[in-house]
>>> print(open('structure-v2.cif').read())   # mmCIF, C-alpha atoms, pLDDT in the B column; chains and numbers go by the auth columns
data_upload
#
loop_
_atom_site.group_PDB
_atom_site.id
_atom_site.type_symbol
_atom_site.label_atom_id
_atom_site.label_comp_id
_atom_site.label_asym_id
_atom_site.label_seq_id
_atom_site.Cartn_x
_atom_site.Cartn_y
_atom_site.Cartn_z
_atom_site.B_iso_or_equiv
_atom_site.auth_seq_id
_atom_site.auth_asym_id
ATOM 1 C CA MET A 1 -24.898 -16.340 -1.588 66.00 1 B
ATOM 2 C CA GLU A 2 -22.866 -16.190 1.595 76.00 2 B
ATOM 3 C CA LYS A 3 -19.822 -13.910 1.588 87.00 3 B
ATOM 4 C CA LEU A 4 -16.810 -14.866 3.653 88.00 4 B
ATOM 5 C CA VAL A 5 -14.106 -12.584 5.000 91.00 5 B
ATOM 6 C CA VAL A 6 -10.643 -13.913 5.774 90.00 6 B
ATOM 7 C CA GLU A 7 -8.424 -12.010 8.179 93.00 7 B
ATOM 8 C CA SER A 8 -4.748 -12.829 8.523 93.00 8 B
ATOM 9 C CA PHE A 9 -2.538 -12.106 11.533 95.00 9 B
ATOM 10 C CA LEU A 10 1.146 -12.763 12.044 95.00 10 B
ATOM 11 C CA PHE A 11 1.829 -15.714 14.351 95.00 11 B
ATOM 12 C CA GLY A 12 5.067 -16.508 16.118 96.00 12 B
ATOM 13 C CA CYS A 13 6.328 -18.377 19.145 96.00 13 B
ATOM 14 C CA GLU A 14 9.659 -19.383 20.635 97.00 14 B
ATOM 15 C CA LEU A 15 10.556 -22.706 22.209 97.00 15 B
ATOM 16 C CA THR A 16 13.548 -22.901 24.574 97.00 16 B
ATOM 17 C CA SER A 17 14.901 -25.158 27.289 95.00 17 B
ATOM 18 C CA LYS A 18 12.828 -23.118 29.781 96.00 18 B
ATOM 19 C CA THR A 19 9.686 -22.954 27.598 96.00 19 B
ATOM 20 C CA LYS A 20 9.408 -26.350 25.921 97.00 20 B
ATOM 21 C CA PHE A 21 5.670 -26.074 25.100 96.00 21 B
ATOM 22 C CA TYR A 22 3.451 -23.538 23.376 97.00 22 B
ATOM 23 C CA THR A 23 -0.275 -24.056 22.823 96.00 23 B
ATOM 24 C CA PHE A 24 -2.155 -22.164 20.127 95.00 24 B
ATOM 25 C CA GLN A 25 -5.759 -21.790 21.314 92.00 25 B
ATOM 26 C CA VAL A 26 -8.680 -19.587 20.317 89.00 26 B
ATOM 27 C CA ASP A 27 -12.016 -18.548 21.782 80.00 27 B
ATOM 28 C CA GLU A 28 -14.424 -21.247 20.615 75.00 28 B
ATOM 29 C CA GLU A 29 -17.495 -19.122 21.358 76.00 29 B
ATOM 30 C CA ASP A 30 -17.148 -16.989 18.233 79.00 30 B
ATOM 31 C CA ASP A 31 -18.666 -18.158 14.950 82.00 31 B
ATOM 32 C CA CYS A 32 -15.357 -18.013 13.091 89.00 32 B
ATOM 33 C CA ILE A 33 -13.148 -20.708 11.618 91.00 33 B
ATOM 34 C CA HIS A 34 -9.602 -20.402 12.918 93.00 34 B
ATOM 35 C CA SER A 35 -6.548 -21.991 11.344 93.00 35 B
ATOM 36 C CA LEU A 36 -2.813 -21.704 11.706 94.00 36 B
ATOM 37 C CA SER A 37 -0.815 -21.720 8.479 94.00 37 B
ATOM 38 C CA MET A 38 2.816 -22.334 9.323 94.00 38 B
ATOM 39 C CA ASN A 39 5.649 -20.811 7.261 95.00 39 B
ATOM 40 C CA THR A 40 9.035 -21.523 8.844 96.00 40 B
ATOM 41 C CA ILE A 41 10.670 -23.191 11.818 97.00 41 B
ATOM 42 C CA SER A 42 14.189 -21.933 12.481 98.00 42 B
ATOM 43 C CA LEU A 43 16.915 -21.784 15.090 98.00 43 B
ATOM 44 C CA GLY A 44 17.485 -18.518 16.932 96.00 44 B
ATOM 45 C CA ASP A 45 20.737 -16.572 17.172 94.00 45 B
ATOM 46 C CA SER A 46 21.912 -18.161 20.412 95.00 46 B
ATOM 47 C CA ALA A 47 21.254 -21.785 19.376 96.00 47 B
ATOM 48 C CA LYS A 48 23.933 -24.394 20.047 95.00 48 B
ATOM 49 C CA ASP A 49 25.075 -26.906 17.439 96.00 49 B
ATOM 50 C CA GLU A 50 22.814 -29.686 18.711 97.00 50 B
ATOM 51 C CA TYR A 51 19.736 -31.414 17.356 97.00 51 B
ATOM 52 C CA ASN A 52 16.506 -29.540 18.109 98.00 52 B
ATOM 53 C CA VAL A 53 13.445 -31.677 17.439 98.00 53 B
ATOM 54 C CA VAL A 54 10.056 -29.942 17.198 98.00 54 B
ATOM 55 C CA GLU A 55 6.775 -31.841 17.452 97.00 55 B
ATOM 56 C CA VAL A 56 3.201 -30.781 16.831 96.00 56 B
ATOM 57 C CA ILE A 57 0.384 -32.277 18.863 96.00 57 B
ATOM 58 C CA ALA A 58 -3.043 -31.752 17.279 93.00 58 B
ATOM 59 C CA HIS A 59 -6.327 -33.560 16.679 89.00 59 B
ATOM 60 C CA ASN A 60 -7.512 -35.351 13.549 87.00 60 B
ATOM 61 C CA ARG A 61 -11.080 -35.397 12.189 86.00 61 B
ATOM 62 C CA GLU A 62 -12.095 -38.086 14.678 89.00 62 B
ATOM 63 C CA GLU A 63 -10.801 -35.846 17.512 88.00 63 B
ATOM 64 C CA GLU A 64 -7.968 -38.287 18.239 92.00 64 B
ATOM 65 C CA GLU A 65 -4.692 -36.776 19.396 93.00 65 B
ATOM 66 C CA VAL A 66 -1.956 -36.964 16.755 94.00 66 B
ATOM 67 C CA THR A 67 1.743 -36.255 17.305 95.00 67 B
ATOM 68 C CA ALA A 68 4.013 -35.437 14.384 94.00 68 B
ATOM 69 C CA GLN A 69 7.665 -34.463 14.218 95.00 69 B
ATOM 70 C CA VAL A 70 7.793 -31.386 11.957 95.00 70 B
ATOM 71 C CA ALA A 71 11.429 -30.265 12.256 97.00 71 B
ATOM 72 C CA ASN A 72 14.830 -31.667 13.155 97.00 72 B
ATOM 73 C CA LEU A 73 17.174 -28.676 13.179 98.00 73 B
ATOM 74 C CA LYS A 74 20.923 -28.403 13.737 97.00 74 B
ATOM 75 C CA LEU A 75 22.892 -25.183 13.404 95.00 75 B
ATOM 76 C CA SER A 76 25.718 -26.671 11.308 96.00 76 B
ATOM 77 C CA CYS A 77 23.569 -28.478 8.726 95.00 77 B
ATOM 78 C CA GLN A 78 19.889 -27.405 8.795 96.00 78 B
ATOM 79 C CA PRO A 79 19.141 -24.222 10.771 97.00 79 B
ATOM 80 C CA MET A 80 15.717 -23.682 9.148 97.00 80 B
ATOM 81 C CA VAL A 81 12.920 -25.647 7.550 96.00 81 B
ATOM 82 C CA ASP A 82 10.237 -24.267 5.216 95.00 82 B
ATOM 83 C CA VAL A 83 6.798 -25.651 6.107 91.00 83 B
ATOM 84 C CA ASP A 84 4.559 -23.645 3.761 85.00 84 B
ATOM 85 C CA CYS A 85 1.110 -25.105 3.139 76.00 85 B
ATOM 86 C CA PHE A 86 1.100 -26.814 6.535 86.00 86 B
ATOM 87 C CA THR A 87 -2.217 -25.746 8.056 90.00 87 B
ATOM 88 C CA LEU A 88 -3.536 -26.753 11.473 92.00 88 B
ATOM 89 C CA HIS A 89 -6.745 -26.102 13.388 90.00 89 B
ATOM 90 C CA PRO A 90 -6.624 -25.212 17.100 92.00 90 B
ATOM 91 C CA PRO A 91 -5.941 -26.307 19.704 93.00 91 B
ATOM 92 C CA VAL A 92 -2.382 -27.101 18.607 95.00 92 B
ATOM 93 C CA MET A 93 0.607 -27.678 20.872 96.00 93 B
ATOM 94 C CA PHE A 94 4.200 -27.189 19.755 97.00 94 B
ATOM 95 C CA ARG A 95 6.798 -29.076 21.785 97.00 95 B
ATOM 96 C CA LEU A 96 10.583 -28.927 21.801 98.00 96 B
ATOM 97 C CA LYS A 97 11.172 -32.664 22.211 97.00 97 B
ATOM 98 C CA SER A 98 14.962 -32.416 22.312 96.00 98 B
ATOM 99 C CA GLY A 99 17.557 -29.653 22.247 97.00 99 B
ATOM 100 C CA SER A 100 17.682 -26.353 24.071 96.00 100 B
ATOM 101 C CA GLY A 101 16.658 -23.987 21.268 94.00 101 B
ATOM 102 C CA PRO A 102 15.757 -21.259 20.818 98.00 102 B
ATOM 103 C CA VAL A 103 13.494 -22.478 18.030 98.00 103 B
ATOM 104 C CA LEU A 104 11.341 -19.851 16.331 97.00 104 B
ATOM 105 C CA ILE A 105 8.039 -20.833 14.716 97.00 105 B
ATOM 106 C CA ALA A 106 6.454 -18.360 12.290 96.00 106 B
ATOM 107 C CA GLY A 107 3.185 -18.418 10.402 95.00 107 B
ATOM 108 C CA GLN A 108 -0.223 -16.843 9.966 95.00 108 B
ATOM 109 C CA HIS A 109 -3.348 -17.032 12.103 95.00 109 B
ATOM 110 C CA LEU A 110 -6.250 -17.080 9.631 94.00 110 B
ATOM 111 C CA ILE A 111 -9.781 -16.215 10.735 93.00 111 B
ATOM 112 C CA THR A 112 -12.668 -16.910 8.344 91.00 112 B
ATOM 113 C CA ARG A 113 -16.054 -15.403 9.157 88.00 113 B
ATOM 114 C CA ASN A 114 -19.285 -14.343 7.472 86.00 114 B
ATOM 115 C CA ALA A 115 -19.251 -10.789 6.104 79.00 115 B
ATOM 116 C CA ASP A 116 -21.274 -8.276 8.122 67.00 116 B
ATOM 117 C CA GLU A 117 -24.619 -7.989 6.368 40.00 117 B
ATOM 118 C CA ASP A 118 -26.097 -5.353 8.668 37.00 118 B
ATOM 119 C CA LEU A 119 -24.422 -2.417 6.892 42.00 119 B
ATOM 120 C CA SER A 120 -26.896 -0.119 5.225 40.00 120 B
ATOM 121 C CA ASP A 121 -26.532 0.637 1.505 44.00 121 B
ATOM 122 C CA SER A 122 -25.437 4.211 2.213 42.00 122 B
ATOM 123 C CA GLU A 123 -22.592 3.071 4.478 52.00 123 B
ATOM 124 C CA THR A 124 -21.439 0.610 1.839 51.00 124 B
ATOM 125 C CA LYS A 125 -21.508 3.278 -0.898 49.00 125 B
ATOM 126 C CA GLU A 126 -19.624 5.771 1.299 55.00 126 B
ATOM 127 C CA SER A 127 -16.923 3.272 2.201 54.00 127 B
ATOM 128 C CA SER A 128 -16.451 2.179 -1.439 55.00 128 B
ATOM 129 C CA THR A 129 -16.200 5.830 -2.557 54.00 129 B
ATOM 130 C CA GLU A 130 -13.594 6.538 0.138 57.00 130 B
ATOM 131 C CA ASP A 131 -11.625 3.448 -0.916 56.00 131 B
ATOM 132 C CA GLU A 132 -11.637 4.570 -4.563 56.00 132 B
ATOM 133 C CA GLU A 133 -10.450 8.061 -3.590 56.00 133 B
ATOM 134 C CA GLU A 134 -7.618 6.617 -1.497 55.00 134 B
ATOM 135 C CA GLU A 135 -6.549 4.366 -4.376 53.00 135 B
ATOM 136 C CA GLU A 136 -6.483 7.310 -6.775 54.00 136 B
ATOM 137 C CA GLU A 137 -4.364 9.374 -4.395 55.00 137 B
ATOM 138 C CA THR A 138 -1.785 6.657 -3.746 57.00 138 B
ATOM 139 C CA PHE A 139 -1.444 5.336 -7.310 53.00 139 B
ATOM 140 C CA THR A 140 1.628 6.675 -9.096 53.00 140 B
ATOM 141 C CA PRO A 141 2.491 5.191 -12.481 56.00 141 B
ATOM 142 C CA ILE A 142 6.046 4.004 -12.993 54.00 142 B
ATOM 143 C CA LYS A 143 7.847 5.943 -15.718 53.00 143 B
ATOM 144 C CA PRO A 144 10.379 4.220 -17.968 52.00 144 B
ATOM 145 C CA ALA A 145 14.012 5.117 -17.488 50.00 145 B
ATOM 146 C CA ASN A 146 15.408 7.720 -19.901 49.00 146 B
ATOM 147 C CA LYS A 147 19.008 6.541 -19.758 50.00 147 B
ATOM 148 C CA LYS A 148 20.301 3.633 -21.794 52.00 148 B
ATOM 149 C CA LEU A 149 22.082 0.831 -19.984 49.00 149 B
ATOM 150 C CA ARG A 150 25.796 0.546 -20.551 50.00 150 B
ATOM 151 C CA VAL A 151 27.119 -2.955 -21.040 52.00 151 B
ATOM 152 C CA ILE A 152 30.540 -3.445 -19.489 47.00 152 B
#
>>> encode(input="structure-v2.cif", output="structure tokens")
Amino acid sequence: MEKLVVESFLFGCELTSKTKFYTFQVDEEDDCIHSLSMNTISLGDSAKDEYNVVEVIAHNREEEEVTAQVANLKLSCQPMVDVDCFTLHPPVMFRLKSGSGPVLIAGQHLITRNADEDLSDSETKESSTEDEEEEEETFTPIKPANKKLRVI
């Protein structure tokens, strides 16, 4: 049975009137599966009260280019949009189609790869023992409060 390891890294980029495009790319030579799981798209502190339209340009299964509008933000009515469960595979381009931003895009870069199988049994046992010791040292049970709550 093949074991997979998933690593997660914080992803973020900023689109402005000077930087209207950002491309998320990865090294295709590795044997990993890369994906970008988006969380939020929001206006930055210095945004004006204007419409900021954000588009994503990606490829579908047939490798055809697809453009989708993912956010239409305005400071006075919708400064942020939640885009959880919106996952893309690189290369992906984010474009500020209209507005001057700044628009902040946040998410997670997920890397899925096969687990390293070349570890010897002794290394595996040592690392699991060290992990158990660390868990024991850092675990502190929560004690119940002794004082009764006063209702006002």
>>> atom_distance(input="structure-v2.cif", atom1="CA of Gln69 (chain B)", atom2="CA of Asn52 (chain B)")
10.8 Å
>>> residues_near_point(input="structure-v2.cif", point="(7.4, -21.7, 7.4)", cutoff="10 Å", atoms="only C-alpha atoms", output="PyMOL selection string")
chain B and resi 37-42+80-86+104-108
>>> atom_distance(input="structure-v2.cif", atom1="CA of Phe24 (chain B)", atom2="CA of Arg61 (chain B)")
17.8 Å
>>> atom_distance(input="structure-v2.cif", atom1="CA of Ile111 (chain B)", atom2="CA of Leu15 (chain B)")
24.2 Å
>>> resolve_selection(input="structure-v2.cif", expression="the PyMOL selection byres ((chain B and resi 51) around 8)", output="ChimeraX atom specification")
/B:49-50,52-53,72-74,98-99
>>> residues_around(input="structure-v2.cif", residues="Val66 (chain B)", least_positions_apart="5", cutoff="10 Å", atoms="only C-alpha atoms", output="number ranges by chain")
B: 56-60
>>> residues_around(input="structure-v2.cif", residues="Cys32 (chain B)", least_positions_apart="5", cutoff="10 Å", atoms="only C-alpha atoms", output="count of residues only")
9
>>> build_atoms(input="structure-v2.cif", residues="region 14-32 of chain B", atoms="N, CA, C and O atoms", output="mmCIF file, keeping the file's coordinate frame")
data_model
loop_
_atom_site.group_PDB
_atom_site.id
_atom_site.type_symbol
_atom_site.label_atom_id
_atom_site.label_comp_id
_atom_site.auth_asym_id
_atom_site.auth_seq_id
_atom_site.Cartn_x
_atom_site.Cartn_y
_atom_site.Cartn_z
ATOM 1 N N GLU B 14 8.288 -18.949 20.414
ATOM 2 C CA GLU B 14 9.659 -19.383 20.635
ATOM 3 C C GLU B 14 9.670 -20.516 21.642
ATOM 4 O O GLU B 14 9.047 -20.426 22.697
ATOM 5 N N LEU B 15 10.389 -21.580 21.305
ATOM 6 C CA LEU B 15 10.556 -22.706 22.209
ATOM 7 C C LEU B 15 12.010 -22.721 22.677
ATOM 8 O O LEU B 15 12.928 -22.580 21.868
ATOM 9 N N THR B 16 12.204 -22.872 23.992
ATOM 10 C CA THR B 16 13.548 -22.901 24.574
ATOM 11 C C THR B 16 13.613 -24.013 25.611
ATOM 12 O O THR B 16 12.620 -24.694 25.867
ATOM 13 N N SER B 17 14.771 -24.153 26.233
ATOM 14 C CA SER B 17 14.901 -25.158 27.289
ATOM 15 C C SER B 17 14.016 -24.812 28.489
ATOM 16 O O SER B 17 13.590 -25.700 29.219
ATOM 17 N N LYS B 18 13.712 -23.541 28.673
ATOM 18 C CA LYS B 18 12.828 -23.118 29.781
ATOM 19 C C LYS B 18 11.350 -23.160 29.387
ATOM 20 O O LYS B 18 10.492 -23.364 30.228
ATOM 21 N N THR B 19 11.059 -22.933 28.112
ATOM 22 C CA THR B 19 9.686 -22.954 27.598
ATOM 23 C C THR B 19 9.616 -23.996 26.503
ATOM 24 O O THR B 19 9.750 -23.684 25.322
ATOM 25 N N LYS B 20 9.400 -25.248 26.887
ATOM 26 C CA LYS B 20 9.408 -26.350 25.921
ATOM 27 C C LYS B 20 8.076 -26.529 25.203
ATOM 28 O O LYS B 20 8.014 -27.226 24.195
ATOM 29 N N PHE B 21 6.999 -25.915 25.685
ATOM 30 C CA PHE B 21 5.670 -26.074 25.100
ATOM 31 C C PHE B 21 5.071 -24.726 24.755
ATOM 32 O O PHE B 21 5.289 -23.736 25.452
ATOM 33 N N TYR B 22 4.294 -24.698 23.687
ATOM 34 C CA TYR B 22 3.451 -23.538 23.376
ATOM 35 C C TYR B 22 2.160 -24.079 22.785
ATOM 36 O O TYR B 22 2.183 -24.910 21.866
ATOM 37 N N THR B 23 1.025 -23.610 23.315
ATOM 38 C CA THR B 23 -0.275 -24.056 22.823
ATOM 39 C C THR B 23 -0.987 -22.897 22.137
ATOM 40 O O THR B 23 -1.162 -21.832 22.719
ATOM 41 N N PHE B 24 -1.385 -23.129 20.895
ATOM 42 C CA PHE B 24 -2.155 -22.164 20.127
ATOM 43 C C PHE B 24 -3.629 -22.497 20.325
ATOM 44 O O PHE B 24 -4.097 -23.553 19.919
ATOM 45 N N GLN B 25 -4.338 -21.602 21.015
ATOM 46 C CA GLN B 25 -5.759 -21.790 21.314
ATOM 47 C C GLN B 25 -6.524 -20.550 20.908
ATOM 48 O O GLN B 25 -5.965 -19.460 20.843
ATOM 49 N N VAL B 26 -7.820 -20.715 20.663
ATOM 50 C CA VAL B 26 -8.680 -19.587 20.317
ATOM 51 C C VAL B 26 -9.969 -19.681 21.130
ATOM 52 O O VAL B 26 -10.285 -20.724 21.703
ATOM 53 N N ASP B 27 -10.716 -18.587 21.127
ATOM 54 C CA ASP B 27 -12.016 -18.548 21.782
ATOM 55 C C ASP B 27 -13.012 -19.309 20.912
ATOM 56 O O ASP B 27 -13.287 -18.911 19.779
ATOM 57 N N GLU B 28 -13.522 -20.413 21.413
ATOM 58 C CA GLU B 28 -14.424 -21.247 20.615
ATOM 59 C C GLU B 28 -15.851 -20.723 20.589
ATOM 60 O O GLU B 28 -16.695 -21.274 19.902
ATOM 61 N N GLU B 29 -16.139 -19.647 21.314
ATOM 62 C CA GLU B 29 -17.495 -19.122 21.358
ATOM 63 C C GLU B 29 -17.841 -18.275 20.135
ATOM 64 O O GLU B 29 -18.997 -18.055 19.851
ATOM 65 N N ASP B 30 -16.835 -17.772 19.427
ATOM 66 C CA ASP B 30 -17.148 -16.989 18.233
ATOM 67 C C ASP B 30 -17.551 -17.922 17.085
ATOM 68 O O ASP B 30 -17.312 -19.112 17.102
ATOM 69 N N ASP B 31 -18.185 -17.363 16.085
ATOM 70 C CA ASP B 31 -18.666 -18.158 14.950
ATOM 71 C C ASP B 31 -17.667 -18.156 13.796
ATOM 72 O O ASP B 31 -18.053 -18.233 12.636
ATOM 73 N N CYS B 32 -16.403 -18.076 14.107
ATOM 74 C CA CYS B 32 -15.357 -18.013 13.091
ATOM 75 C C CYS B 32 -14.641 -19.349 12.965
ATOM 76 O O CYS B 32 -14.667 -20.170 13.864
#
